[in-house]
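Following: one structure in structure tokens, then a few remarks.
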Amino acid sequence: MSGVSLVGVTKMYGAVKALDHVSVDVRDGELLALLGPSGCGKTTLLRCVAGLERPDRGSVEIGEADITVTPTRERPIGMVFQNYALFPNLTVRQNIAFPLEVRHRPRTEIDARVYELLDLVHLTEQGDRYPKQISGGQAQRCALGRALAPNPEVLLLDEPLSALDALVRGRLRDEIRRVQQLVGITAIYVTHDQSEAMAIADRVAVMNAGRVEQIAAPADLYDMPSTQFSAKFVGSRNAVELAVRNGQVGIPGSFQIDAPAGSNGHALAFFRPEDVKVSVGDDGPGMAARVELKIFLGATTRLHLVGEADGEPIALFGDLPSRRARQIGEGEMVRVDVDPDHVQAFPV
Amino acid sequence: MKMATLSRPYEKLGGLESTGGSAAPSPIARTRGWLAAWLPAIPLLLLVATCLIAPVVMLVWQSVTGMGETGLSLDLWFRVLGQHANQDAILTSLVLAAACATVTLVLGAPLAWMISRMLRGKRAFWLGLLNVSANFGGIGLAFAYMATIGTVGMLTLIVQGLGIGFEAPREGSMPALLMAYEYTNVPLFVLLTIPAMSILRDDWWEAAQVSSATRLVFWRRIGVPILSPFLLAGWLLIFTWTLGIYGIAYGLAGQSGATAVHLITLQIGSALQSDVLLGPGRAAILAVVLMLFASTSLVLYRLLLRRATRWL
Amino acid sequence: MAVEAGSSAVTKSRAAASVRSSDRKSVGRVGRAVFFGFALFYFCVPMAAVLIYSFATRWTANVLPDGYTLDWWRATLADPRIQSAFFTSISLASLTAILDIAVVVPAAYWSRVRNARIRPVVEVAAAVPFALPYVVIAFGLMQFSGVVAPQFQGTFPLLVAGHSAIAFPFVYWAVDGAMAAAGIERLTETAEACGASPYQALMRVVLPNISAGLVTGGLLSFAASFGEFAMAQIIGRSLDTVPLWSAEMIRSYTDTAGSYNRLAVVTLLTFAVLFVLSALVVYWNRGQTVRLLPGAGASDQGGRQ
């Protein structure tokens, strides 16, 4: 019915390239998260879809229609803003009714639709309150209701949770996901929080410096970041610089993998702390390392480990189930091994 | 909000008071505590009391006692308000103030909106200009008006030079006063309302666009309802301010002699200077009348602002 | 729904929409330019007229004066009476600004760090000069001083006190705003935790952090006093300030001695003073709006809490 496709979208702010030939396809009914650090262009991209920014080059399509130059108010979109942007002089009910009234829908239809939406976002009780009389979570649910009111084809969410406390955030995130799936609407969700993106999205587009680095399903992105930037940005990872020898890189005694194309001399190897296997004792597979510090994180405990390869010290983190970590003391020598399947290397 | 971090007024003073260790502080300790709490404010409070409060109280008192000669009586009020010239002055002042405030609102509100949305450098330039003209009043402005659109003012001469049969309004007439007043009133209004303009957030306009609203609908449903109490409050302030303008009117009315309009402030001034018979008494009554109008509109102003912030 | 209808129409009219929206934008831009051009014109023309007047020999019939001369400037600047009027006005305004700062700063400071009950009292007092016309205050002050201190009537010190009373709100709002912005309560607590006395805290921590407010308040009260006419006329009749001199000139109906031309010179000088003051205020506040009136800073409370 109506996906969104962005083709070669470029946006300059003076000499700064906010968007650099970005092409993204959002499939019909899917929730795509735009993930990246601040200033990466994710909000600009969303605003190009909303028509609040006009791309300098490239095109924006919704469904079959090219809307690149369509004014915002003629676009089939709904939008949820970072700071709610509820109209303070209208009640929750009136806020949700606003897009319908603007379109001159008949009164009975508006009332029925507003009733339906209040129910959808669980605000039936708060319908007659003013925005300043409701909590942040309720305000954002109201904003969601307002965005969905005219049955738009695409829902745009601009960091909708960032103004909320941690506790409300998780609950509202799941709520937004529930509503989006229930309505079956195509959605673009901007966030800088990778766990939020992973939890809510069908696919995640990682953005950096005005470009899309990678688009993948959350699990694939987590396991197999395709660029160095995604590897650094998504999840916490060990990043170890290693020398290339005979077309291979590795930690002696642990893993050896093929050096990435284009690397000369050194490569950067990424692997997750939970993929680091730690065993007690002096022998066995892996590299000898010393436990410098133990940090208890609840279910797991993180070990700061220092080993040695080619006469250079190597520092890395390893996560163990806390029950196992209890048997290892700080200052003890251990063996560290990493499964080569979980290591990715990029040229330095 | 500001109050949240305010200190505990008497905790520290408590130390002073309880030096005696007794439950009830002695009168001396109490006085010392009071002094410690109020001393730094006393010079200001003295200034206010002697130069603002006492004079005003004095005027009211004199107006109801026939300048201290009749005892408590409204006789002076009836005599002064019975005079046609005074009635005329009161009415004219009110009409002029209302007209000025309305014109100011119409010109000033869009100006304030546009300036509030400017980038900093440009805004600083306009604020600087506005600051100058908001402060440029009195005789200087009256003269500048004459030199510009007075009977032999520059614009008047230019327009006449173009062969258009234009006659400038007499300097002491209502239209002339109105035009001259606007030179300071519009900038004053803009300076006053710019802070309120920042209440209107840009993402409301964006949210309205996403909701398919046109600019017109946005202003009618969102912008104007939110800003209107502030704008009305601005109207009231300009109204009050205009009622009290003296210097410009004095300068301009002087040009038209007897044909100049009657205004309360001018009547007070002339009563003080020439009217030997009823002089100070007349001035006192008119001053109290002015005071009543001004304080009424200030109370309304407060109520309006409270209403204005109810959504925020 | 309407949205869908809209989107199908969109493809067809892409080119048209583009033209239409750029048209609309440029209309808005032109309108804005005209509006601001008019504002600038409105601002500048009176000054231009006064400027030309100050150089004109005779200017009553033609679009431009019959001739130009520097005589008015020379005569005006050399006139001892005008010199003394400027001297009086400048000392009056300076003393007013100094007195206002001296009485307002301690009160504002104390109301923030020790006794919150000072605030409502001062705020009500600060509304008085706006509620009551200066003519009224001046007349009341004349009557009152006639009763309690007749020896001060018509004197310079009384006028300084009167001007300080009507100009203090400018200083109060500027200083109080600066104190709020600097978070003076916390600064004071920190200073006291470091062992500073209230006096030391005020001089070494508070004042340096509210300098923008002090300068702004001082300049605004200076400007208010410098141009003030009503009070000067009513209670300072024996004095000769710039506005009083101007009033005398503007009322000299016959323009025999070139009084209007000299008035033009003085008006321009007054304007220049205001211009410098205003430039300083804007400079010190870095283009931010100066909060001038009670409650006008409602945006202080703006936003969600």
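Going by the structure tokens order, chains are called A, B, ..., each with residues numbered from 1, while ligands are numbered from 1 in the order shown.
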Per residue of chain A within 7 Å of chain C, what are the shortest atom pair and its distance in Å to one decimal, counting only C-alpha atoms, with rows by chain and residue number, as CSV?
```
residue,atom,partner,partner_atom,distance
A:Ala65,CA,C:Thr11,CA,5.3
A:Asp66,CA,C:Thr11,CA,5.8
A:Ile67,CA,C:Val10,CA,6.8
A:Val69,CA,C:Ser18,CA,5.8
A:Thr70,CA,C:Ala17,CA,6.5
A:Glu74,CA,C:Gly6,CA,5.8
A:Arg75,CA,C:Ser7,CA,6.2
A:Pro76,CA,C:Val3,CA,4.9
A:Arg103,CA,C:Ala2,CA,6.7
A:Lys132,CA,C:Arg304,CA,6.7
A:Pro150,CA,C:Met1,CA,7.0
A:Pro152,CA,C:Val3,CA,6.5
```
Exercise. Identify, on the basis of only C-alpha atoms, every residue whose closest approach to range 91-103 of chain B does not exceed 12 Å; exclude the query and any residue fewer than 3 positions from it along the same chain; express the result as a PyMOL selection string.
Key: chain B and resi 81+84-88+106-110+173-186+188-189+231-246+249+260-267+286+289-290+293-294+297
Prev. selection, C-alpha atoms, output as a short mmCIF file (atom, residue, chain, number, x, y, z; two decimals), in the first residue's frame:
```
data_model
loop_
_atom_site.label_atom_id
_atom_site.label_comp_id
_atom_site.auth_asym_id
_atom_site.auth_seq_id
_atom_site.Cartn_x
_atom_site.Cartn_y
_atom_site.Cartn_z
CA LEU B 81 -15.56 67.49 37.61
CA HIS B 84 -16.72 71.36 31.08
CA ALA B 85 -13.03 71.65 30.22
CA ASN B 86 -12.15 68.95 32.74
CA GLN B 87 -14.84 66.58 31.53
CA ASP B 88 -13.62 67.17 28.03
CA VAL B 106 -2.17 46.30 15.29
CA LEU B 107 1.30 47.46 14.25
CA GLY B 108 3.28 46.15 17.19
CA ALA B 109 2.03 42.57 17.43
CA PRO B 110 3.23 41.43 13.99
CA SER B 173 -4.78 67.85 17.29
CA MET B 174 -5.68 64.26 18.02
CA PRO B 175 -4.26 62.74 14.81
CA ALA B 176 -1.00 64.58 15.32
CA LEU B 177 -0.68 63.44 18.93
CA LEU B 178 -1.56 59.91 17.90
CA MET B 179 1.11 59.81 15.22
CA ALA B 180 3.73 61.28 17.53
CA TYR B 181 2.85 58.93 20.39
CA GLU B 182 3.17 55.89 18.15
CA TYR B 183 6.83 56.66 17.66
CA THR B 184 7.52 55.51 21.21
CA ASN B 185 4.46 53.36 21.83
CA VAL B 186 5.01 50.79 19.10
CA LEU B 188 7.62 49.99 23.77
CA PHE B 189 4.88 47.49 22.99
CA LEU B 231 -1.38 41.10 23.67
CA LEU B 232 -4.37 42.47 25.55
CA ALA B 233 -2.17 42.99 28.57
CA GLY B 234 0.18 44.90 26.31
CA TRP B 235 -2.78 46.95 25.07
CA LEU B 236 -3.68 47.84 28.64
CA LEU B 237 -0.13 48.84 29.48
CA ILE B 238 0.07 51.10 26.45
CA PHE B 239 -3.35 52.50 27.30
CA THR B 240 -2.18 53.32 30.82
CA TRP B 241 1.12 54.64 29.58
CA THR B 242 -0.54 56.87 27.01
CA LEU B 243 -2.93 58.33 29.55
CA GLY B 244 0.08 59.58 31.47
CA ILE B 245 2.14 61.01 28.59
CA TYR B 246 2.93 64.64 29.25
CA ALA B 249 1.67 66.58 24.41
CA ALA B 260 -5.09 72.24 21.14
CA VAL B 261 -6.91 69.25 22.57
CA HIS B 262 -7.52 69.06 26.28
CA LEU B 263 -5.82 66.19 28.04
CA ILE B 264 -5.78 65.32 31.73
CA THR B 265 -2.02 65.61 31.96
CA LEU B 266 -1.99 68.96 30.18
CA GLN B 267 -4.75 70.24 32.45
CA LEU B 286 -7.40 65.34 37.99
CA VAL B 289 -8.75 60.61 38.45
CA LEU B 290 -5.74 59.67 36.36
CA PHE B 293 -7.87 54.91 35.63
CA ALA B 294 -4.27 53.81 35.72
CA SER B 297 -6.12 49.05 34.19
#
```
Quiz prompt | Backbone-only DSSP, helix (DSSP H, G or I) members of range 89-262 of chain C, as a PyMOL selection string | solution = chain C and resi 89-113+118-131+134-148+150-152+156-182+184-193+198-209+211-226+230-235+242-250+259-262
Quiz item: Would you list which chain B residues are within 6 Å of chain C using only C-alpha atoms, as a PyMOL selection string?
Solution: chain B and resi 7+9+37+40-41+43-44+51+55-56+59+120+124+128+131-132+139-140+144+147-148+152+154+157-158+192+195-196+199+244+247+254+287+291+294-295+312
Quiz item: DSSP says strand (DSSP E) for which residues of range 280-315 of chain A? Put them as a PyMOL selection string?
Solution: chain A and resi 280+287-296+300-309+312-315
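Near chain B, counting only C-alpha atoms at 8 Å, the chain A residues are Ala50, Leu52, Thr72, Arg73, Glu74, Arg75, Ile77, Gly78, Met79, Phe81, Ala85, Leu86, Phe87, Pro88, Asn89, Phe98, Pro99, Val102, Arg103, Tyr130, Pro131, Lys132 and Ala147 of chain A.
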Quiz prompt | Shell around Ala216 in chain A at 7 Å using only C-alpha atoms, local window under 4 positions removed, as JSON, numbers by chain | solution = {"A": [203, 204, 205, 220, 221]}
Those residues with N, CA and C atoms, as a CSV table (one decimal), in the first residue's frame please?
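Once written, out.csv looks like this:
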```csv
chain,number,residue,atom,x,y,z
A,203,ARG,N,13.4,-3.1,11.3
A,203,ARG,CA,14.8,-3.0,10.8
A,203,ARG,C,15.3,-1.7,11.3
A,204,VAL,N,16.7,-1.6,11.5
A,204,VAL,CA,17.3,-0.5,12.0
A,204,VAL,C,18.3,0.1,10.9
A,205,ALA,N,18.2,1.4,10.7
A,205,ALA,CA,19.2,2.0,9.8
A,205,ALA,C,20.1,2.8,10.6
A,220,ASP,N,20.5,-9.2,13.3
A,220,ASP,CA,21.6,-9.2,12.3
A,220,ASP,C,22.6,-8.1,12.6
A,221,LEU,N,22.0,-6.9,12.9
A,221,LEU,CA,22.9,-5.8,13.2
A,221,LEU,C,23.7,-6.0,14.4
```
